[in-house]
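Notes follow once the structure below has been shown.
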Amino acid sequence: MRLADRSFDAIVIGGGHNGLVAACYLAKAGKRVILFEASDHLGGAVTTGEITPDYMISTASHLIEALPRRIEKELKLSRNGLRFAARNLPTIALSRDKRHLVLSSRRRDIAALREWNAHDAAALVEFSARLKAYAAALRPLLLGVPPSFTGPSSDAVTALRRLVWRMRRLGQPSFEDLLRVLPASIGDLVDATFETPLLRAAFAFEALRGTAEGPYSPGTAFNLIYRRALQLETRGTSLPRGGMGALVTALRHSAEGLGVAIRTGAAVRCIIVENNVAVGVETVAGEFLRAPAILSSVDPRATMLDLVGAANIDAGLAMRLAQTSRRGATAKLNLALDGLPTISGLAPAEYGARLLVVPSLGELDQAFASFKRGEVPAELGMEVTIPSVADTSLAPAGHHVMSVLIQHVPYEVAGGWTLQRDRLLDRVIETLARYAPDLRARIIAGEMLLAPDIEAKFGLAGGEWHCGEMRPDQLLMFRPTPELARYRTPLRGLYLCGAGSHPGGISGLAGQLAARTVLSEGGRA
Amino acid sequence: MERHDAIIIGGGLNGLTAAAYLARFGARVLVLERNAALGGADASYEIVPGFNIARYNLGISTLPARIVSELDLARYGLRFIRVDGGISLLKDGGYIASYRDGVIHRRELARHSLKDADGWTRFRRDMLRGAQQLRPLLATTMSDPTRRSFSTLRRLLSTASRWGARDVDELHELTRLWTLSCAEFLDAYFHSDAVKTRLAGDALAGTSLGPHAPTGARHLIGAFIDEMATASGGAPARVLASGGPAAVAGALRAAIEAHGGTIRTDAEVTDVLLREGAARGVVLANGEEIQARAVVSDLDLKRTFLALFPWSALPGGLVEKVGRFRMRGVSAKINIALDSAPEFPAVPAGCPALLGGVRLASSLDEMDRAADDWRDGIPPRVPLIDMLIPTLADPTLAPHGRHVLSVAVHYVPESLHDGAWTGERRDELTDLVVDRIAEASPGIKDRIVALEMLTPPDIESEVGVTGGDLSHGETTLDQSFFNRPSPALAGYETPIRNLYLCSQSVHPGPLGVGNAGANAAALVAAALGKRG
């Protein structure tokens with residue numbers, strides 16, 4: 001055992017994108033920062049991997065949808081090598097009858113929809129505007145440090161009063177509508193808004209992606225507003241050149257440029273607590289390191305129960321952590337293809353879009369029912385990208401890679417995944433082949449990550465991508481638990497900065513807001 | 001032409017309650033009921049001469065205690081029988097009962113899981129706390145938070161200040177209670193599936209939510225609303241009106257008439273008289289016109305606006321808003337007369353909890369499937385069945401030694417995905433339910449003297465409630481409080497001057513039927529200058 005020969009102001013545990021963002025902001029403020037990552041590479045579930053030699057793909061999440069422009073700029077990600085193969089990706093809902101629908105309110109797309117269904121064309125424009133207005137009204141609440149309800153720093157009264165003000169400013173009809181939409185199910189909302197089944201199903205899928213809920217689960221309409229709020233800070237959905245790993249590489253360069261010491265393959269064994277103060281960490285290799293601030297971007301539950309240890313936290317907190325819900329519901333399929341599959345009815349320029357393959361609303365509800373019961377759904381909702389269309393570096397010339405997020409795949413299935421894995425795979429390919437009949441013939445290789453695989457590979461409990469489901473009882477000042485919200489913990493010197501803290505998503509916001517919190521307490525620490 | 005201070009359209013419990021309050025306040029009231037019997041969805045009838053049974057509902061009274069005492073209904077002969085919470089029969093042949101006595105109830109839970117007996121103490125404490133927070137809201141008129149007025153803004157800001165000053169842990173508990181599913185919420189207290197199934201059944205029977213649907217947990221509070229914290233610590237009591245549900249309507253009728261009010265049955269209102277945009281009275285089916293200074297509708301929201309008015313007379317946007325309000329029946333009713341007491345071999349003889357009813361629901365999973373079937377428009381393959389044998393507690397309801405069996409079948413869709421409810425489909429469901437009952441109570445089929453089944457469409461055509469929805473609109477959060485039925489209408493007033501709403505379509509809905517009537521009456525009385 002030897003003590004580190006350098007001293008640090010802050011230790012960041014976990015090299016996911018939030019950990020890196022936190023480290024960068026601390027370093028930018030002049031702090032000496034060291035970051036420990038247990039695995040050999042940074043980024044966690046934000047990573048690029050090889051399906052088979054020469055075919056690269058974003059292993060898990062595959063699009064940047066929520067990274068704020070501000071973070072991109074402040075951390076000079078562009079100068080540090082982040083390039084985008086495509087920005088502002090359109091979303092296209094694929095239709096069985098080849099009348100694919102671009103989900104946007106741009107004039108050209110609306111005109112196309114108007115030929116199909118004039119009511120829905122008007123409804124879509126109005127719906128998009130409403131969604132944007134609601135997202136804008138809630139943005140300060142949703143994307144900042146959650147309000148504090150207790151103690152001298154309490155700002156909840158101000159926050160709520162401001163919220164009242166902003167909601168009222170929407171105007172009476174919208175205020176009324178928002179109050180109804182907030183607790184509503186997405187199914188009821190789209191049923192009341194659109195006529196076209198595809199449009200209904202597409203928006204329902206958008207609200208359900210990544211959640212463990214069905215279209216008629218109350219509260220799911222809010223997911224759409226939340227996602228829209230995160231997107232307000234961005235330049236639209238983007239595809240980083242080189243896959244999601246490129247974002248992490250740029251963050252790493254940014255961090256290193258700012259002087260952050262990065263140790264990969266260095267797992268932290270525990271956080272050392274003395275008199276209710278977190279004073280340092282001990283690595284698995286037996287190294288001790290002390291610092292006035294310790295930020296953990298790993299799962300809050302693992303941070304508190306495994307690294308801090310149940311002995312150092314109170315029983316109520318341990319119970320609440322154990323109670324947090326994380327039901328993984330999204331699987332991932334990555335395919336290497338020997339050519340671009342033909343999707344009938346899709347214009348050549350549209351192959352690079354974000355493609356939604358959605359069954360009807362009723363089938364989506366049935367998929368959810370199957371999910372609840374631990375069965376492989378009969379019809380699947382999927383989000384598909386073919387990133388190699390815009391980014392030729394991912395596959396050999398003329399060849400392609402396809403990335404598929406599959407919704408409503410349970411963590412466990414009756415009979416076990418060993419027996420059911422191929423069935424699911426078959427069903428996915430079969431579903432995709434309805435739109436791209438030559439897909440099957442083009443597959444060279446593939447990998448499918450189910451919830452247990454995602455849990456094992458990335459350490460995400462339950463295979464749940466968000467480190468704690470995004471639901472009202474696990475958002476804002478309740479994320480991950482009331483005691484651990486606002487990036488602080490009951491232990492002085494210990495902070496949380498990962499996706500398990502508000503506001504989640506691949507936004508880096510938790511990292512940035514945690515760093516700001518640490519800096520604001522600089523004197524104390 | 002007759003003149004009254006207020007006409008109440010519909011003699012359901014909310015309408016009668018509103019009329020009773022208004023009459024007490026000194027208003028001349030007239031209640032107009034389309035059917036021969038009062039009570040609306042809470043009416044009862046003789047299935048065969050001498051056998052009294054609730055026709056549409058199970059037959060449990062939820063009339064709030066405050067209304068019973070404020071209207072002095074005991075004076076008009078209303079007596080209640082408080083019984084234990086009932087029994088659920090389990091798939092494995094076992095049972096779980098809810099007892100009012102805390103010691104016995106905890107012992108019962110311990111039979112299923114030792115830890116759950118302790119879980120009950122925490123659960124009950126939290127439910128009573130939830131009920132305490134909810135209770136004042138039930139007696140409160142919702143004011144429209146979206147109104148553009150200075151006083152509304154000031155009220156909203158002060159609400160924000162009040163909420164912002166609350167403790168975050170308390171808010172978290174509240175958020176969990178109001179947003180979690182029943183199943184997940186119960187997981188925090190109980191281990192035994194039997195216990196969870198029992199409680200989820202109490203909460204969700206009659207709603208459109210399954211045990212895994214978010215926001216279902218808040219329905220767990222319902223049973224505790226009128227429960228006193230000082231009671232002995234067991235399960236909440238079930239309350240039956242002595243003499244059957246008709247006794248409640250009867251006492252309200254007596255209270256109305258004692259204060260000079262008039263009630264006319266077989267009097268169907270077809271139109272509301274409008275003059276200069278204000279309601280001035282009603283027109284009956286026989287063409288008779290009756291004038292009044294205020295018209296109060298106990299009909300559901302859709303029926304009130306879409307049936308009593310020419311659409312052209314309604315302000316812009318109202319028809320759409322009313323159309324969007326979701327009303328879909330969730331329960332069918334089977335009424336049975338028996339020539340002797342049914343036996344339930346799984347339950348020990350003389351078990352007092354039997355008086356509170358018997359539920360057939362073997363697991364949360366089966367309940368969930370039934371709820372999913374409902375959404376898909378499929379008659380439930382494994383329905384949630386609630387039975388009540390009111391004659392066990394009140395033998396006067398049937399000839400000596402005979403019994404009535406009231407059966408509510410839940411998660412029964414109002415419209416089927418593949419066609420209409422036909423006699424054949426109704427018989428299929430009846431057979432399925434009776435077979436299931438016979439499994440739990442062998443020999444019951446031979447005891448049946450008479451049996452009648454009512455599907456949601458049957459209920460709609462008899463009671464008049466849209467979709468056969470006994471709750472007058474789904475009770476999801478987007479249709480609750482100021483959203484029931486919409487911010488502008490949740491306060492019982494309508495855009496049509498002198499027209500008021502008092503049915504379950506308005507806050508607080510089915511939470512204590514009578515509340516809406518009482519709240520609306522206070523408003524109407526004030527408008528009439530009749531505050532008592």
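Here, A, B, ... name the chains of the structure tokens in the order displayed, residue numbers run from 1 inside each chain, and ligands are numbered from 1 in the same displayed order.
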
For chain B, work out the contacting residues on chain A at 7 Å, counting only C-alpha atoms, and write them as a short mmCIF file (atom, residue, chain, number, x, y, z; two decimals) with N, CA and C atoms, in the first residue's frame.
data_model
loop_
_atom_site.label_atom_id
_atom_site.label_comp_id
_atom_site.auth_asym_id
_atom_site.auth_seq_id
_atom_site.Cartn_x
_atom_site.Cartn_y
_atom_site.Cartn_z
N PHE A 149 -36.14 21.73 -0.65
CA PHE A 149 -37.35 21.95 0.14
C PHE A 149 -37.05 22.20 1.60
N THR A 150 -35.83 21.90 2.02
CA THR A 150 -35.59 22.04 3.45
C THR A 150 -34.36 22.89 3.71
N ALA A 156 -37.60 26.15 -2.86
CA ALA A 156 -38.73 25.47 -3.49
C ALA A 156 -39.90 26.43 -3.69
N VAL A 157 -40.12 27.30 -2.72
CA VAL A 157 -41.24 28.22 -2.84
C VAL A 157 -41.05 29.09 -4.08
N LEU A 160 -41.54 26.97 -7.27
CA LEU A 160 -42.92 26.63 -7.57
C LEU A 160 -43.71 27.86 -8.00
N ARG A 161 -43.43 28.97 -7.36
CA ARG A 161 -44.14 30.20 -7.74
C ARG A 161 -43.77 30.60 -9.16
N VAL A 164 -45.71 28.37 -11.51
CA VAL A 164 -47.08 28.86 -11.65
C VAL A 164 -47.11 29.97 -12.69
N GLN A 172 -54.69 30.62 -21.18
CA GLN A 172 -55.68 29.77 -20.53
C GLN A 172 -55.86 28.40 -21.19
N PHE A 175 -52.74 26.23 -20.61
CA PHE A 175 -52.58 25.92 -19.19
C PHE A 175 -53.53 24.79 -18.82
N GLU A 176 -54.78 24.92 -19.26
CA GLU A 176 -55.78 23.90 -18.98
C GLU A 176 -55.36 22.56 -19.59
N ARG A 180 -54.11 18.74 -17.85
CA ARG A 180 -54.74 17.47 -18.19
C ARG A 180 -53.70 16.49 -18.73
N PRO A 183 -50.83 14.32 -16.13
CA PRO A 183 -51.06 13.00 -15.55
C PRO A 183 -51.62 11.97 -16.53
N ALA A 184 -51.80 12.35 -17.79
CA ALA A 184 -52.51 11.47 -18.74
C ALA A 184 -51.62 10.36 -19.26
N ALA A 192 -56.92 11.15 -28.58
CA ALA A 192 -57.71 12.36 -28.64
C ALA A 192 -57.12 13.37 -29.62
N SER A 217 -50.59 3.46 -19.71
CA SER A 217 -50.19 3.68 -18.32
C SER A 217 -50.31 5.17 -18.03
N PRO A 218 -51.08 5.54 -16.98
CA PRO A 218 -51.18 6.96 -16.65
C PRO A 218 -49.79 7.55 -16.41
N ASP A 473 -41.90 9.76 -9.14
CA ASP A 473 -41.37 9.53 -7.80
C ASP A 473 -39.85 9.35 -7.82
N PHE A 478 -36.53 14.03 -5.95
CA PHE A 478 -36.64 12.66 -5.46
C PHE A 478 -35.61 11.75 -6.12
N PRO A 482 -34.83 11.29 -1.87
CA PRO A 482 -34.81 12.66 -1.34
C PRO A 482 -33.49 13.03 -0.65
#

If we count only C-alpha atoms, what is near Val273 of chain A at a cut-off of 12 Å, once residues fewer than 6 positions away on the same chain are taken out, given as a PyMOL selection string? chain A and resi 279-282+290-292+294+304+307-313+490-494

Identify, on the basis of only C-alpha atoms, every residue whose closest approach to Ile92 of chain A does not exceed 12 Å; exclude the query and any residue fewer than 5 positions from it along the same chain; express the result as a ChimeraX atom specification. /A:98-104,109,198-199,202-203,206,345-347,349-358,382-385

Grab the residues selected above and save them as a compact mmCIF listing (two decimals), in the first residue's frame with C-alpha atoms.
# COMPACT_ATOMS: atom_id res chain seq x y z
CA LYS A 98 -44.88 2.25 -47.72
CA ARG A 99 -46.41 5.61 -46.89
CA HIS A 100 -43.75 6.51 -44.40
CA LEU A 101 -44.35 9.49 -42.18
CA VAL A 102 -41.80 12.13 -41.33
CA LEU A 103 -42.54 13.24 -37.79
CA SER A 104 -41.81 16.90 -38.11
CA ASP A 109 -43.43 17.21 -44.35
CA LEU A 198 -49.37 5.30 -37.53
CA LEU A 199 -49.12 8.78 -36.07
CA ALA A 202 -45.34 6.63 -33.43
CA PHE A 203 -45.88 9.25 -30.73
CA GLU A 206 -41.67 8.04 -28.55
CA GLY A 345 -40.86 3.57 -50.21
CA LEU A 346 -37.95 5.26 -48.48
CA ALA A 347 -36.10 7.95 -50.43
CA ALA A 349 -31.69 10.51 -48.55
CA GLU A 350 -33.90 9.14 -45.79
CA TYR A 351 -31.89 6.02 -45.00
CA GLY A 352 -29.80 8.00 -42.57
CA ALA A 353 -32.83 9.08 -40.54
CA ARG A 354 -33.98 7.81 -37.20
CA LEU A 355 -36.47 5.16 -38.26
CA LEU A 356 -39.35 4.02 -36.09
CA VAL A 357 -40.80 0.59 -36.65
CA VAL A 358 -43.97 0.58 -34.62
CA MET A 382 -38.19 -0.47 -32.48
CA GLU A 383 -35.98 2.48 -33.19
CA VAL A 384 -33.57 1.83 -36.04
CA THR A 385 -30.56 3.72 -37.34

As a PyMOL selection string, which residues of segment 185-434 of chain B does DSSP assign to alpha helix (DSSP H)? chain B and resi 185-187+193-204+245-258+301-308+318-324+364-375+390-393+423-434

Expected answer as a ChimeraX atom specification: strand (DSSP E or B) residues in segment 25-186 of chain B: /B:29-32,39,44-48,51-54,80-83,86-89,95-98

Could the residues in this selection be saved with N, CA and C atoms as an mmCIF file, in the first residue's frame?
data_model
loop_
_atom_site.group_PDB
_atom_site.id
_atom_site.type_symbol
_atom_site.label_atom_id
_atom_site.label_comp_id
_atom_site.auth_asym_id
_atom_site.auth_seq_id
_atom_site.Cartn_x
_atom_site.Cartn_y
_atom_site.Cartn_z
ATOM 1 N N VAL B 29 -87.478 22.988 -3.671
ATOM 2 C CA VAL B 29 -86.791 22.131 -4.645
ATOM 3 C C VAL B 29 -87.746 21.106 -5.236
ATOM 4 N N LEU B 30 -87.410 20.743 -6.444
ATOM 5 C CA LEU B 30 -88.154 19.696 -7.138
ATOM 6 C C LEU B 30 -87.146 18.723 -7.737
ATOM 7 N N VAL B 31 -87.294 17.451 -7.384
ATOM 8 C CA VAL B 31 -86.421 16.425 -7.950
ATOM 9 C C VAL B 31 -87.200 15.695 -9.033
ATOM 10 N N LEU B 32 -86.602 15.563 -10.204
ATOM 11 C CA LEU B 32 -87.253 14.853 -11.304
ATOM 12 C C LEU B 32 -86.453 13.605 -11.642
ATOM 13 N N GLY B 39 -82.697 6.732 -6.556
ATOM 14 C CA GLY B 39 -81.403 6.122 -6.236
ATOM 15 C C GLY B 39 -80.465 6.019 -7.426
ATOM 16 N N SER B 44 -82.394 -0.052 -5.637
ATOM 17 C CA SER B 44 -82.528 -1.491 -5.437
ATOM 18 C C SER B 44 -83.930 -1.910 -5.865
ATOM 19 N N TYR B 45 -84.164 -3.190 -5.954
ATOM 20 C CA TYR B 45 -85.446 -3.678 -6.458
ATOM 21 C C TYR B 45 -85.732 -5.065 -5.903
ATOM 22 N N GLU B 46 -86.916 -5.558 -6.143
ATOM 23 C CA GLU B 46 -87.255 -6.923 -5.754
ATOM 24 C C GLU B 46 -87.039 -7.819 -6.957
ATOM 25 N N ILE B 47 -86.029 -8.666 -6.862
ATOM 26 C CA ILE B 47 -85.743 -9.530 -8.009
ATOM 27 C C ILE B 47 -86.850 -10.562 -8.167
ATOM 28 N N VAL B 48 -87.335 -11.089 -7.039
ATOM 29 C CA VAL B 48 -88.619 -11.784 -6.991
ATOM 30 C C VAL B 48 -89.306 -11.237 -5.755
ATOM 31 N N PHE B 51 -87.600 -10.405 -2.211
ATOM 32 C CA PHE B 51 -86.133 -10.475 -2.255
ATOM 33 C C PHE B 51 -85.585 -9.126 -2.729
ATOM 34 N N ASN B 52 -85.060 -8.336 -1.785
ATOM 35 C CA ASN B 52 -84.540 -7.007 -2.116
ATOM 36 C C ASN B 52 -83.050 -7.046 -2.413
ATOM 37 N N ILE B 53 -82.666 -6.384 -3.492
ATOM 38 C CA ILE B 53 -81.249 -6.422 -3.847
ATOM 39 C C ILE B 53 -80.873 -5.147 -4.617
ATOM 40 N N ALA B 54 -79.629 -4.709 -4.410
ATOM 41 C CA ALA B 54 -79.119 -3.554 -5.159
ATOM 42 C C ALA B 54 -79.076 -3.932 -6.627
ATOM 43 N N PHE B 80 -77.227 2.274 9.854
ATOM 44 C CA PHE B 80 -76.173 1.556 9.133
ATOM 45 C C PHE B 80 -75.745 0.326 9.906
ATOM 46 N N ILE B 81 -75.329 -0.671 9.153
ATOM 47 C CA ILE B 81 -74.786 -1.876 9.768
ATOM 48 C C ILE B 81 -73.320 -1.908 9.364
ATOM 49 N N ARG B 82 -72.438 -1.893 10.339
ATOM 50 C CA ARG B 82 -71.009 -1.945 10.036
ATOM 51 C C ARG B 82 -70.542 -3.386 10.138
ATOM 52 N N VAL B 83 -69.943 -3.854 9.078
ATOM 53 C CA VAL B 83 -69.495 -5.255 9.085
ATOM 54 C C VAL B 83 -68.000 -5.311 8.770
ATOM 55 N N GLY B 86 -64.647 -8.291 4.653
ATOM 56 C CA GLY B 86 -64.889 -9.308 3.635
ATOM 57 C C GLY B 86 -63.757 -10.318 3.517
ATOM 58 N N ILE B 87 -63.946 -11.209 2.574
ATOM 59 C CA ILE B 87 -63.039 -12.350 2.418
ATOM 60 C C ILE B 87 -62.640 -12.484 0.956
ATOM 61 N N SER B 88 -61.389 -12.839 0.701
ATOM 62 C CA SER B 88 -61.002 -13.236 -0.655
ATOM 63 C C SER B 88 -60.687 -14.716 -0.646
ATOM 64 N N LEU B 89 -61.254 -15.402 -1.617
ATOM 65 C CA LEU B 89 -60.946 -16.829 -1.741
ATOM 66 C C LEU B 89 -59.783 -16.995 -2.704
ATOM 67 N N TYR B 95 -58.044 -18.847 2.044
ATOM 68 C CA TYR B 95 -58.781 -17.589 2.034
ATOM 69 C C TYR B 95 -58.005 -16.558 2.822
ATOM 70 N N ILE B 96 -58.352 -15.314 2.626
ATOM 71 C CA ILE B 96 -57.823 -14.249 3.471
ATOM 72 C C ILE B 96 -58.965 -13.297 3.787
ATOM 73 N N ALA B 97 -59.106 -12.977 5.074
ATOM 74 C CA ALA B 97 -60.230 -12.160 5.511
ATOM 75 C C ALA B 97 -59.743 -10.821 6.046
ATOM 76 N N SER B 98 -60.618 -9.830 6.007
ATOM 77 C CA SER B 98 -60.327 -8.524 6.590
ATOM 78 C C SER B 98 -61.232 -8.325 7.796
#
